[in-house]
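To start, the structure itself, in structure tokens.
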Amino acid sequence: MKTIKIAGVPEHFNLPWHLCIENGEFEAHDIDLKWTDVPEGTGKLCQMLRNGETDIAVILTEGIIKDIVSGNPSKIVQVYVQSPLIWGIHVGAASHYKTLSDLKGTKAAISRIGSGSQLMAYVNAHNQGWKTENLQFEIVNTIDGAVEALTAGTADYFMWERFMTKPLVDKGIFRRIADCPTPWPCFVIAVRNEILETQPETIKTILEIINQTTEEFKDIPSIDKTLSSRYNQKIEDIQEWLSLTEWSQKTLDDKTLNNVQNQLLELSIIDKKGTFADIAQI
């Protein structure tokens with residue numbers, strides 16, 4: 001039995017992995033796939049890949065590309081979710097900010113430096129024509145930290161996946177004032193180079209198993225009810241989310257990689273572009 005460590009955010013996108021693990025699909029191929037939930041998100045996942053705390057990360061596209069360009073010894077082996085991630089832009093329920101333009105010059109809560117919540121704050125600022133060098137950040141680590149920061153007023157707004165944050169909106173803790181979809185496929189699967197070199201067949205098998213599940217995921221009977229109960233979501237929100245979400249079984253293409261890198265470069269999030277061979281497994 002080969003042990004492989006995998007990590008990702010505790011969000012509904014990753015239910016296919018949990019179903020495969022629970023159904024013993026990896027074990028049937030002599031693979032002990034050990035999943036770790038990482039609520040801190042992309043910045044923490046990048047660190048875990050660098051430190052060897054995880055072998056595989058299901059991770060935001062822009063975050064891992066930025067980190068590989070900065071020296072993370074990993075590669076993207078395929079796209080996991082093809083559709084954009086819809087980031088909700090949230091303020092505290094009692095906040096006097098009402099519109100997106102009100103947030104110009106205010107402080108964003110982010111999970112960590114290099115996280116999706118930080119990178120998308122740059123994308124949003126660019127979309128609004130704000131000066132990105134004027135952005136201010138408060139590190140809050142998790143969504144619970146964001147609730148504390150926005151309630152206490154130590155940060156003014158927080159960008160997080162819209163549907164996972166909606167229960168906080170429904171409870172009157174946050175107000176969502178706008179959406180900001182990623183201009184690229186949102187999640188990819190990244191693997192440490194050492195594992196790609198020493199266990200290529202194991203990685204190939206893992207991808208084959210997860211791809212078969214994601215291809216059929218929406219056809220699983222009552223999958224909306226399963227997602228709703230596991231992730232504490234209203235059934236109608238899950239149904240809307242499912243209608244907007246497309247998983248992928250394909251490798252990252254050069255055009256998509258160029259698009260992401262060009263935008264990261266324009267926003268000064270990276271200072272140079274990496275080659276396709278540096279970043280993706282061909």
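Ordering of the structure tokens sets the chain letters (A, B, ...); residue numbers start at 1 within each chain; ligands are numbered from 1 in the order shown.
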Could you write out, as a PDB file with all heavy atoms, in the first residue's frame, all the residues of segment 98-239 of chain A that DSSP marks as strand (DSSP E)?
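Below you can see selection.pdb, which holds the result:
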ATOM      1  N   LYS A 107      -9.743  48.416   4.144  1.00  0.00           N
ATOM      2  CA  LYS A 107      -8.855  47.285   4.443  1.00  0.00           C
ATOM      3  C   LYS A 107      -9.555  45.945   4.193  1.00  0.00           C
ATOM      4  O   LYS A 107     -10.672  45.725   4.673  1.00  0.00           O
ATOM      5  CB  LYS A 107      -8.392  47.361   5.897  1.00  0.00           C
ATOM      6  CG  LYS A 107      -7.320  46.340   6.249  1.00  0.00           C
ATOM      7  CD  LYS A 107      -6.909  46.436   7.710  1.00  0.00           C
ATOM      8  CE  LYS A 107      -5.912  47.556   7.931  1.00  0.00           C
ATOM      9  NZ  LYS A 107      -5.375  47.526   9.328  1.00  0.00           N
ATOM     10  N   ALA A 108      -8.895  45.061   3.450  1.00  0.00           N
ATOM     11  CA  ALA A 108      -9.433  43.730   3.157  1.00  0.00           C
ATOM     12  C   ALA A 108      -8.919  42.716   4.167  1.00  0.00           C
ATOM     13  O   ALA A 108      -7.721  42.673   4.468  1.00  0.00           O
ATOM     14  CB  ALA A 108      -9.026  43.298   1.752  1.00  0.00           C
ATOM     15  N   ALA A 109      -9.814  41.895   4.682  1.00  0.00           N
ATOM     16  CA  ALA A 109      -9.406  40.730   5.472  1.00  0.00           C
ATOM     17  C   ALA A 109      -8.948  39.651   4.491  1.00  0.00           C
ATOM     18  O   ALA A 109      -9.600  39.409   3.478  1.00  0.00           O
ATOM     19  CB  ALA A 109     -10.585  40.218   6.298  1.00  0.00           C
ATOM     20  N   ILE A 110      -7.792  39.025   4.765  1.00  0.00           N
ATOM     21  CA  ILE A 110      -7.293  37.934   3.918  1.00  0.00           C
ATOM     22  C   ILE A 110      -6.860  36.782   4.814  1.00  0.00           C
ATOM     23  O   ILE A 110      -6.500  36.993   5.974  1.00  0.00           O
ATOM     24  CB  ILE A 110      -6.116  38.384   3.016  1.00  0.00           C
ATOM     25  CG1 ILE A 110      -4.922  38.872   3.863  1.00  0.00           C
ATOM     26  CG2 ILE A 110      -6.564  39.462   2.039  1.00  0.00           C
ATOM     27  CD1 ILE A 110      -3.644  39.075   3.071  1.00  0.00           C
ATOM     28  N   GLN A 136      -4.809  47.645   1.407  1.00  0.00           N
ATOM     29  CA  GLN A 136      -4.402  47.328   2.781  1.00  0.00           C
ATOM     30  C   GLN A 136      -5.003  45.979   3.175  1.00  0.00           C
ATOM     31  O   GLN A 136      -6.137  45.671   2.786  1.00  0.00           O
ATOM     32  CB  GLN A 136      -4.937  48.381   3.756  1.00  0.00           C
ATOM     33  CG  GLN A 136      -4.555  49.811   3.441  1.00  0.00           C
ATOM     34  CD  GLN A 136      -5.366  50.742   4.329  1.00  0.00           C
ATOM     35  OE1 GLN A 136      -5.263  50.707   5.554  1.00  0.00           O
ATOM     36  NE2 GLN A 136      -6.192  51.572   3.717  1.00  0.00           N
ATOM     37  N   PHE A 137      -4.247  45.215   3.976  1.00  0.00           N
ATOM     38  CA  PHE A 137      -4.691  43.868   4.330  1.00  0.00           C
ATOM     39  C   PHE A 137      -4.589  43.603   5.828  1.00  0.00           C
ATOM     40  O   PHE A 137      -3.680  44.089   6.494  1.00  0.00           O
ATOM     41  CB  PHE A 137      -3.844  42.818   3.592  1.00  0.00           C
ATOM     42  CG  PHE A 137      -3.914  42.938   2.086  1.00  0.00           C
ATOM     43  CD1 PHE A 137      -2.822  43.380   1.359  1.00  0.00           C
ATOM     44  CD2 PHE A 137      -5.080  42.629   1.410  1.00  0.00           C
ATOM     45  CE1 PHE A 137      -2.876  43.502  -0.019  1.00  0.00           C
ATOM     46  CE2 PHE A 137      -5.156  42.750   0.027  1.00  0.00           C
ATOM     47  CZ  PHE A 137      -4.056  43.181  -0.693  1.00  0.00           C
ATOM     48  N   GLU A 138      -5.530  42.797   6.305  1.00  0.00           N
ATOM     49  CA  GLU A 138      -5.516  42.297   7.682  1.00  0.00           C
ATOM     50  C   GLU A 138      -5.553  40.770   7.597  1.00  0.00           C
ATOM     51  O   GLU A 138      -6.494  40.201   7.028  1.00  0.00           O
ATOM     52  CB  GLU A 138      -6.760  42.814   8.434  1.00  0.00           C
ATOM     53  CG  GLU A 138      -6.925  42.311   9.837  1.00  0.00           C
ATOM     54  CD  GLU A 138      -6.088  43.077  10.861  1.00  0.00           C
ATOM     55  OE1 GLU A 138      -5.571  44.160  10.533  1.00  0.00           O
ATOM     56  OE2 GLU A 138      -5.957  42.580  11.987  1.00  0.00           O
ATOM     57  N   ILE A 139      -4.521  40.101   8.124  1.00  0.00           N
ATOM     58  CA  ILE A 139      -4.463  38.627   8.043  1.00  0.00           C
ATOM     59  C   ILE A 139      -5.370  38.035   9.117  1.00  0.00           C
ATOM     60  O   ILE A 139      -5.214  38.321  10.312  1.00  0.00           O
ATOM     61  CB  ILE A 139      -3.021  38.120   8.192  1.00  0.00           C
ATOM     62  CG1 ILE A 139      -2.157  38.642   7.036  1.00  0.00           C
ATOM     63  CG2 ILE A 139      -2.993  36.597   8.240  1.00  0.00           C
ATOM     64  CD1 ILE A 139      -0.677  38.400   7.189  1.00  0.00           C
ATOM     65  N   TYR A 157     -13.701  44.542   4.568  1.00  0.00           N
ATOM     66  CA  TYR A 157     -14.381  43.609   3.667  1.00  0.00           C
ATOM     67  C   TYR A 157     -13.584  42.322   3.529  1.00  0.00           C
ATOM     68  O   TYR A 157     -12.401  42.273   3.873  1.00  0.00           O
ATOM     69  CB  TYR A 157     -14.655  44.234   2.293  1.00  0.00           C
ATOM     70  CG  TYR A 157     -13.444  44.549   1.433  1.00  0.00           C
ATOM     71  CD1 TYR A 157     -13.065  43.694   0.392  1.00  0.00           C
ATOM     72  CD2 TYR A 157     -12.693  45.710   1.634  1.00  0.00           C
ATOM     73  CE1 TYR A 157     -11.968  43.984  -0.413  1.00  0.00           C
ATOM     74  CE2 TYR A 157     -11.600  46.009   0.834  1.00  0.00           C
ATOM     75  CZ  TYR A 157     -11.240  45.136  -0.185  1.00  0.00           C
ATOM     76  OH  TYR A 157     -10.148  45.419  -0.986  1.00  0.00           O
ATOM     77  N   PHE A 158     -14.263  41.300   3.051  1.00  0.00           N
ATOM     78  CA  PHE A 158     -13.663  39.963   2.965  1.00  0.00           C
ATOM     79  C   PHE A 158     -14.177  39.282   1.715  1.00  0.00           C
ATOM     80  O   PHE A 158     -15.386  39.225   1.480  1.00  0.00           O
ATOM     81  CB  PHE A 158     -14.054  39.157   4.210  1.00  0.00           C
ATOM     82  CG  PHE A 158     -13.509  37.752   4.251  1.00  0.00           C
ATOM     83  CD1 PHE A 158     -12.140  37.518   4.192  1.00  0.00           C
ATOM     84  CD2 PHE A 158     -14.369  36.670   4.386  1.00  0.00           C
ATOM     85  CE1 PHE A 158     -11.635  36.213   4.262  1.00  0.00           C
ATOM     86  CE2 PHE A 158     -13.878  35.369   4.459  1.00  0.00           C
ATOM     87  CZ  PHE A 158     -12.507  35.149   4.395  1.00  0.00           C
ATOM     88  N   MET A 159     -13.243  38.769   0.911  1.00  0.00           N
ATOM     89  CA  MET A 159     -13.617  38.041  -0.307  1.00  0.00           C
ATOM     90  C   MET A 159     -13.446  36.550  -0.066  1.00  0.00           C
ATOM     91  O   MET A 159     -12.362  36.095   0.302  1.00  0.00           O
ATOM     92  CB  MET A 159     -12.755  38.512  -1.477  1.00  0.00           C
ATOM     93  CG  MET A 159     -12.975  39.981  -1.806  1.00  0.00           C
ATOM     94  SD  MET A 159     -11.995  40.557  -3.214  1.00  0.00           S
ATOM     95  CE  MET A 159     -12.727  39.635  -4.578  1.00  0.00           C
ATOM     96  N   TRP A 160     -14.533  35.795  -0.283  1.00  0.00           N
ATOM     97  CA  TRP A 160     -14.495  34.338  -0.081  1.00  0.00           C
ATOM     98  C   TRP A 160     -15.534  33.716  -0.993  1.00  0.00           C
ATOM     99  O   TRP A 160     -16.429  34.402  -1.485  1.00  0.00           O
ATOM    100  CB  TRP A 160     -14.814  34.012   1.385  1.00  0.00           C
ATOM    101  CG  TRP A 160     -14.231  32.710   1.878  1.00  0.00           C
ATOM    102  CD1 TRP A 160     -14.921  31.558   2.145  1.00  0.00           C
ATOM    103  CD2 TRP A 160     -12.860  32.440   2.215  1.00  0.00           C
ATOM    104  NE1 TRP A 160     -14.054  30.587   2.621  1.00  0.00           N
ATOM    105  CE2 TRP A 160     -12.794  31.095   2.680  1.00  0.00           C
ATOM    106  CE3 TRP A 160     -11.697  33.191   2.167  1.00  0.00           C
ATOM    107  CZ2 TRP A 160     -11.597  30.495   3.074  1.00  0.00           C
ATOM    108  CZ3 TRP A 160     -10.506  32.599   2.569  1.00  0.00           C
ATOM    109  CH2 TRP A 160     -10.462  31.263   3.009  1.00  0.00           C
ATOM    110  N   GLU A 161     -15.396  32.430  -1.250  1.00  0.00           N
ATOM    111  CA  GLU A 161     -16.321  31.749  -2.161  1.00  0.00           C
ATOM    112  C   GLU A 161     -17.768  32.030  -1.740  1.00  0.00           C
ATOM    113  O   GLU A 161     -18.135  31.847  -0.586  1.00  0.00           O
ATOM    114  CB  GLU A 161     -16.024  30.246  -2.150  1.00  0.00           C
ATOM    115  CG  GLU A 161     -16.546  29.510  -3.370  1.00  0.00           C
ATOM    116  CD  GLU A 161     -17.995  29.086  -3.259  1.00  0.00           C
ATOM    117  OE1 GLU A 161     -18.469  28.876  -2.111  1.00  0.00           O
ATOM    118  OE2 GLU A 161     -18.674  28.968  -4.294  1.00  0.00           O
ATOM    119  N   PHE A 174     -22.791  38.611   7.849  1.00  0.00           N
ATOM    120  CA  PHE A 174     -22.184  39.341   6.726  1.00  0.00           C
ATOM    121  C   PHE A 174     -23.289  39.869   5.819  1.00  0.00           C
ATOM    122  O   PHE A 174     -24.401  39.326   5.787  1.00  0.00           O
ATOM    123  CB  PHE A 174     -21.313  38.403   5.873  1.00  0.00           C
ATOM    124  CG  PHE A 174     -19.950  38.089   6.434  1.00  0.00           C
ATOM    125  CD1 PHE A 174     -19.175  37.096   5.822  1.00  0.00           C
ATOM    126  CD2 PHE A 174     -19.426  38.752   7.533  1.00  0.00           C
ATOM    127  CE1 PHE A 174     -17.911  36.780   6.308  1.00  0.00           C
ATOM    128  CE2 PHE A 174     -18.159  38.446   8.024  1.00  0.00           C
ATOM    129  CZ  PHE A 174     -17.398  37.456   7.410  1.00  0.00           C
ATOM    130  N   ARG A 175     -22.960  40.902   5.046  1.00  0.00           N
ATOM    131  CA  ARG A 175     -23.758  41.310   3.893  1.00  0.00           C
ATOM    132  C   ARG A 175     -22.883  41.162   2.660  1.00  0.00           C
ATOM    133  O   ARG A 175     -21.715  41.564   2.682  1.00  0.00           O
ATOM    134  CB  ARG A 175     -24.172  42.787   4.017  1.00  0.00           C
ATOM    135  CG  ARG A 175     -25.549  43.028   4.601  1.00  0.00           C
ATOM    136  CD  ARG A 175     -25.975  44.478   4.499  1.00  0.00           C
ATOM    137  NE  ARG A 175     -25.125  45.397   5.222  1.00  0.00           N
ATOM    138  CZ  ARG A 175     -24.347  46.302   4.647  1.00  0.00           C
ATOM    139  NH1 ARG A 175     -24.289  46.440   3.328  1.00  0.00           N
ATOM    140  NH2 ARG A 175     -23.592  47.105   5.383  1.00  0.00           N
ATOM    141  N   ARG A 176     -23.433  40.585   1.584  1.00  0.00           N
ATOM    142  CA  ARG A 176     -22.672  40.477   0.329  1.00  0.00           C
ATOM    143  C   ARG A 176     -23.057  41.655  -0.550  1.00  0.00           C
ATOM    144  O   ARG A 176     -24.237  41.850  -0.838  1.00  0.00           O
ATOM    145  CB  ARG A 176     -22.982  39.145  -0.364  1.00  0.00           C
ATOM    146  CG  ARG A 176     -22.246  38.958  -1.687  1.00  0.00           C
ATOM    147  CD  ARG A 176     -22.407  37.525  -2.194  1.00  0.00           C
ATOM    148  NE  ARG A 176     -23.789  37.159  -2.380  1.00  0.00           N
ATOM    149  CZ  ARG A 176     -24.496  37.373  -3.479  1.00  0.00           C
ATOM    150  NH1 ARG A 176     -23.937  37.999  -4.509  1.00  0.00           N
ATOM    151  NH2 ARG A 176     -25.747  36.987  -3.562  1.00  0.00           N
ATOM    152  N   ILE A 177     -22.034  42.432  -0.957  1.00  0.00           N
ATOM    153  CA  ILE A 177     -22.371  43.625  -1.745  1.00  0.00           C
ATOM    154  C   ILE A 177     -22.039  43.472  -3.236  1.00  0.00           C
ATOM    155  O   ILE A 177     -22.484  44.271  -4.039  1.00  0.00           O
ATOM    156  CB  ILE A 177     -21.727  44.906  -1.171  1.00  0.00           C
ATOM    157  CG1 ILE A 177     -20.217  44.802  -1.088  1.00  0.00           C
ATOM    158  CG2 ILE A 177     -22.294  45.233   0.199  1.00  0.00           C
ATOM    159  CD1 ILE A 177     -19.552  46.092  -0.618  1.00  0.00           C
ATOM    160  N   ALA A 178     -21.250  42.441  -3.577  1.00  0.00           N
ATOM    161  CA  ALA A 178     -20.933  42.227  -4.996  1.00  0.00           C
ATOM    162  C   ALA A 178     -20.296  40.857  -5.169  1.00  0.00           C
ATOM    163  O   ALA A 178     -19.943  40.188  -4.186  1.00  0.00           O
ATOM    164  CB  ALA A 178     -19.972  43.303  -5.503  1.00  0.00           C
ATOM    165  N   ASP A 179     -20.151  40.445  -6.431  1.00  0.00           N
ATOM    166  CA  ASP A 179     -19.433  39.211  -6.786  1.00  0.00           C
ATOM    167  C   ASP A 179     -18.239  39.561  -7.654  1.00  0.00           C
ATOM    168  O   ASP A 179     -18.262  40.567  -8.380  1.00  0.00           O
ATOM    169  CB  ASP A 179     -20.338  38.257  -7.586  1.00  0.00           C
ATOM    170  CG  ASP A 179     -21.384  37.585  -6.711  1.00  0.00           C
ATOM    171  OD1 ASP A 179     -21.158  37.465  -5.502  1.00  0.00           O
ATOM    172  OD2 ASP A 179     -22.428  37.186  -7.261  1.00  0.00           O
ATOM    173  N   CYS A 180     -17.219  38.705  -7.601  1.00  0.00           N
ATOM    174  CA  CYS A 180     -16.044  38.888  -8.464  1.00  0.00           C
ATOM    175  C   CYS A 180     -15.578  37.499  -8.923  1.00  0.00           C
ATOM    176  O   CYS A 180     -14.836  36.827  -8.211  1.00  0.00           O
ATOM    177  CB  CYS A 180     -14.937  39.605  -7.686  1.00  0.00           C
ATOM    178  SG  CYS A 180     -13.458  39.960  -8.663  1.00  0.00           S
ATOM    179  N   PRO A 181     -16.031  37.048 -10.105  1.00  0.00           N
ATOM    180  CA  PRO A 181     -15.612  35.720 -10.584  1.00  0.00           C
ATOM    181  C   PRO A 181     -14.150  35.730 -11.046  1.00  0.00           C
ATOM    182  O   PRO A 181     -13.663  36.740 -11.567  1.00  0.00           O
ATOM    183  CB  PRO A 181     -16.535  35.453 -11.786  1.00  0.00           C
ATOM    184  CG  PRO A 181     -17.521  36.566 -11.806  1.00  0.00           C
ATOM    185  CD  PRO A 181     -16.939  37.706 -11.044  1.00  0.00           C
ATOM    186  N   PHE A 187      -9.851  25.790  -9.865  1.00  0.00           N
ATOM    187  CA  PHE A 187      -9.030  24.850  -9.096  1.00  0.00           C
ATOM    188  C   PHE A 187      -8.202  23.948 -10.004  1.00  0.00           C
ATOM    189  O   PHE A 187      -8.689  23.485 -11.039  1.00  0.00           O
ATOM    190  CB  PHE A 187      -9.902  23.951  -8.205  1.00  0.00           C
ATOM    191  CG  PHE A 187     -10.407  24.620  -6.957  1.00  0.00           C
ATOM    192  CD1 PHE A 187     -11.728  25.022  -6.860  1.00  0.00           C
ATOM    193  CD2 PHE A 187      -9.575  24.828  -5.868  1.00  0.00           C
ATOM    194  CE1 PHE A 187     -12.209  25.632  -5.705  1.00  0.00           C
ATOM    195  CE2 PHE A 187     -10.044  25.432  -4.710  1.00  0.00           C
ATOM    196  CZ  PHE A 187     -11.368  25.836  -4.629  1.00  0.00           C
ATOM    197  N   VAL A 188      -6.969  23.689  -9.568  1.00  0.00           N
ATOM    198  CA  VAL A 188      -6.104  22.731 -10.250  1.00  0.00           C
ATOM    199  C   VAL A 188      -5.583  21.730  -9.228  1.00  0.00           C
ATOM    200  O   VAL A 188      -5.711  21.925  -8.016  1.00  0.00           O
ATOM    201  CB  VAL A 188      -4.914  23.426 -10.960  1.00  0.00           C
ATOM    202  CG1 VAL A 188      -5.389  24.301 -12.100  1.00  0.00           C
ATOM    203  CG2 VAL A 188      -4.065  24.231  -9.972  1.00  0.00           C
ATOM    204  N   ILE A 189      -4.984  20.656  -9.732  1.00  0.00           N
ATOM    205  CA  ILE A 189      -4.331  19.655  -8.872  1.00  0.00           C
ATOM    206  C   ILE A 189      -2.832  19.817  -9.066  1.00  0.00           C
ATOM    207  O   ILE A 189      -2.335  19.741 -10.191  1.00  0.00           O
ATOM    208  CB  ILE A 189      -4.784  18.229  -9.242  1.00  0.00           C
ATOM    209  CG1 ILE A 189      -6.310  18.097  -9.099  1.00  0.00           C
ATOM    210  CG2 ILE A 189      -4.059  17.190  -8.371  1.00  0.00           C
ATOM    211  CD1 ILE A 189      -6.890  16.808  -9.676  1.00  0.00           C
ATOM    212  N   ALA A 190      -2.133  20.088  -7.962  1.00  0.00           N
ATOM    213  CA  ALA A 190      -0.672  20.259  -8.012  1.00  0.00           C
ATOM    214  C   ALA A 190      -0.001  19.143  -7.207  1.00  0.00           C
ATOM    215  O   ALA A 190      -0.528  18.721  -6.171  1.00  0.00           O
ATOM    216  CB  ALA A 190      -0.274  21.618  -7.448  1.00  0.00           C
ATOM    217  N   VAL A 191       1.141  18.692  -7.703  1.00  0.00           N
ATOM    218  CA  VAL A 191       1.870  17.585  -7.066  1.00  0.00           C
ATOM    219  C   VAL A 191       3.333  17.982  -6.904  1.00  0.00           C
ATOM    220  O   VAL A 191       3.920  18.600  -7.806  1.00  0.00           O
ATOM    221  CB  VAL A 191       1.770  16.287  -7.916  1.00  0.00           C
ATOM    222  CG1 VAL A 191       2.474  15.125  -7.224  1.00  0.00           C
ATOM    223  CG2 VAL A 191       0.309  15.930  -8.191  1.00  0.00           C
ATOM    224  N   ARG A 192       3.908  17.615  -5.769  1.00  0.00           N
ATOM    225  CA  ARG A 192       5.335  17.886  -5.555  1.00  0.00           C
ATOM    226  C   ARG A 192       6.173  17.149  -6.602  1.00  0.00           C
ATOM    227  O   ARG A 192       5.897  15.989  -6.932  1.00  0.00           O
ATOM    228  CB  ARG A 192       5.764  17.418  -4.156  1.00  0.00           C
ATOM    229  CG  ARG A 192       5.235  18.279  -3.038  1.00  0.00           C
ATOM    230  CD  ARG A 192       5.943  18.009  -1.719  1.00  0.00           C
ATOM    231  NE  ARG A 192       5.841  16.630  -1.281  1.00  0.00           N
ATOM    232  CZ  ARG A 192       6.882  15.826  -1.093  1.00  0.00           C
ATOM    233  NH1 ARG A 192       8.110  16.220  -1.328  1.00  0.00           N
ATOM    234  NH2 ARG A 192       6.682  14.587  -0.669  1.00  0.00           N
TER     235      ARG A 192
END
Shell of 10 Å around Thr36 of chain A, only C-alpha atoms, local chain residues under 4 positions omitted, as JSON, numbers by chain: {"A": [5, 6, 7, 8, 9, 10, 53, 54, 57]}
Taking only C-alpha atoms into account, produce a table as a tab-separated table in which each residue of segment 28-66 of chain A with an atom at most 9 Å from an atom of segment 201-220 of chain A appears once, together with its shortest atom pair and the distance in Å to one decimal, ordered by chain and rising number.
residue	atom	partner	partner_atom	distance
A:His29	CA	A:Thr205	CA	7.9
A:Ile31	CA	A:Thr202	CA	7.5
A:Leu33	CA	A:Ile206	CA	8.7
Using only C-alpha atoms, which residue out of A:Tyr80, A:Thr61, A:Thr106, A:Pro73 lies closest to Leu257 of chain A?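 Ranking A:Tyr80, A:Thr61, A:Thr106, A:Pro73 by distance to Leu257 of chain A, first place goes to A:Thr61.
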If you run DSSP on the backbone here, which positions in segment 72-133 of chain A get alpha helix (DSSP H)? Please write them as a VMD selection string. chain A and resid 116 to 128
Could you write out that same residue set with N, CA and C atoms as a PDB file, in the first residue's frame?
ATOM      1  N   GLY A 116      -5.756  33.150  -2.003  1.00  0.00           N
ATOM      2  CA  GLY A 116      -6.718  33.570  -3.019  1.00  0.00           C
ATOM      3  C   GLY A 116      -7.445  34.830  -2.617  1.00  0.00           C
ATOM      4  N   SER A 117      -7.739  34.957  -1.313  1.00  0.00           N
ATOM      5  CA  SER A 117      -8.469  36.144  -0.844  1.00  0.00           C
ATOM      6  C   SER A 117      -7.637  37.408  -1.055  1.00  0.00           C
ATOM      7  N   GLN A 118      -6.309  37.291  -0.985  1.00  0.00           N
ATOM      8  CA  GLN A 118      -5.458  38.453  -1.268  1.00  0.00           C
ATOM      9  C   GLN A 118      -5.340  38.702  -2.777  1.00  0.00           C
ATOM     10  N   LEU A 119      -5.080  37.626  -3.534  1.00  0.00           N
ATOM     11  CA  LEU A 119      -4.896  37.799  -4.984  1.00  0.00           C
ATOM     12  C   LEU A 119      -6.152  38.344  -5.640  1.00  0.00           C
ATOM     13  N   MET A 120      -7.314  37.860  -5.181  1.00  0.00           N
ATOM     14  CA  MET A 120      -8.562  38.339  -5.783  1.00  0.00           C
ATOM     15  C   MET A 120      -8.896  39.766  -5.351  1.00  0.00           C
ATOM     16  N   ALA A 121      -8.377  40.207  -4.208  1.00  0.00           N
ATOM     17  CA  ALA A 121      -8.531  41.616  -3.829  1.00  0.00           C
ATOM     18  C   ALA A 121      -7.810  42.497  -4.856  1.00  0.00           C
ATOM     19  N   TYR A 122      -6.667  42.019  -5.353  1.00  0.00           N
ATOM     20  CA  TYR A 122      -5.950  42.737  -6.419  1.00  0.00           C
ATOM     21  C   TYR A 122      -6.757  42.721  -7.721  1.00  0.00           C
ATOM     22  N   VAL A 123      -7.294  41.561  -8.070  1.00  0.00           N
ATOM     23  CA  VAL A 123      -8.093  41.450  -9.301  1.00  0.00           C
ATOM     24  C   VAL A 123      -9.298  42.395  -9.227  1.00  0.00           C
ATOM     25  N   ASN A 124      -9.976  42.388  -8.081  1.00  0.00           N
ATOM     26  CA  ASN A 124     -11.148  43.250  -7.906  1.00  0.00           C
ATOM     27  C   ASN A 124     -10.757  44.728  -7.995  1.00  0.00           C
ATOM     28  N   ALA A 125      -9.645  45.099  -7.332  1.00  0.00           N
ATOM     29  CA  ALA A 125      -9.194  46.499  -7.369  1.00  0.00           C
ATOM     30  C   ALA A 125      -8.885  46.919  -8.809  1.00  0.00           C
ATOM     31  N   HIS A 126      -8.231  46.021  -9.544  1.00  0.00           N
ATOM     32  CA  HIS A 126      -7.907  46.296 -10.956  1.00  0.00           C
ATOM     33  C   HIS A 126      -9.189  46.484 -11.771  1.00  0.00           C
ATOM     34  N   ASN A 127     -10.170  45.614 -11.528  1.00  0.00           N
ATOM     35  CA  ASN A 127     -11.460  45.707 -12.236  1.00  0.00           C
ATOM     36  C   ASN A 127     -12.150  47.050 -11.970  1.00  0.00           C
ATOM     37  N   GLN A 128     -11.963  47.560 -10.736  1.00  0.00           N
ATOM     38  CA  GLN A 128     -12.632  48.804 -10.334  1.00  0.00           C
ATOM     39  C   GLN A 128     -11.832  50.058 -10.696  1.00  0.00           C
TER      40      GLN A 128
END
Determine, counting only C-alpha atoms, which protein, DNA and RNA residues have an atom within 12 Å of an atom of Gln239 of chain A; residues of the same chain fewer than 6 positions away are not included. Present the result as number ranges by chain. A: 12, 163, 218, 222-228, 233, 245
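Distances to Glu148 of chain A were evaluated for A:Ala28, A:Ser115, A:Ile173, A:Gly41 using only C-alpha atoms, and the minimum falls at A:Ile173.
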Nearest-residue call for Ile195 of chain A, choices A:Ser74, A:Thr151, A:Ser243, A:Asn14, using only C-alpha atoms: A:Ser74
What is the atom CA of Asp32 of chain A to atom CA of Lys2 of chain A distance in Å? 5.8 Å
Pick from A:Asn141, A:Gly129, A:Tyr231, A:Pro221, whichever lies nearest to Lys166 of chain A using only C-alpha atoms: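 That would be A:Tyr231, the residue with the smallest distance to Lys166 of chain A.
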One-decimal distance in Å that lies between atom CA of Pro39 of chain A and atom CA of Ser111 of chain A: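 Distance between the two atoms: 9.0 Å.
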Restricting the calculation to only C-alpha atoms, which member of A:Val147, A:Cys46, A:Ile86, A:Ile21 is positioned closest to Val69 of chain A?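 Of A:Val147, A:Cys46, A:Ile86, A:Ile21, the one nearest Val69 of chain A is A:Cys46, counting only C-alpha atoms.
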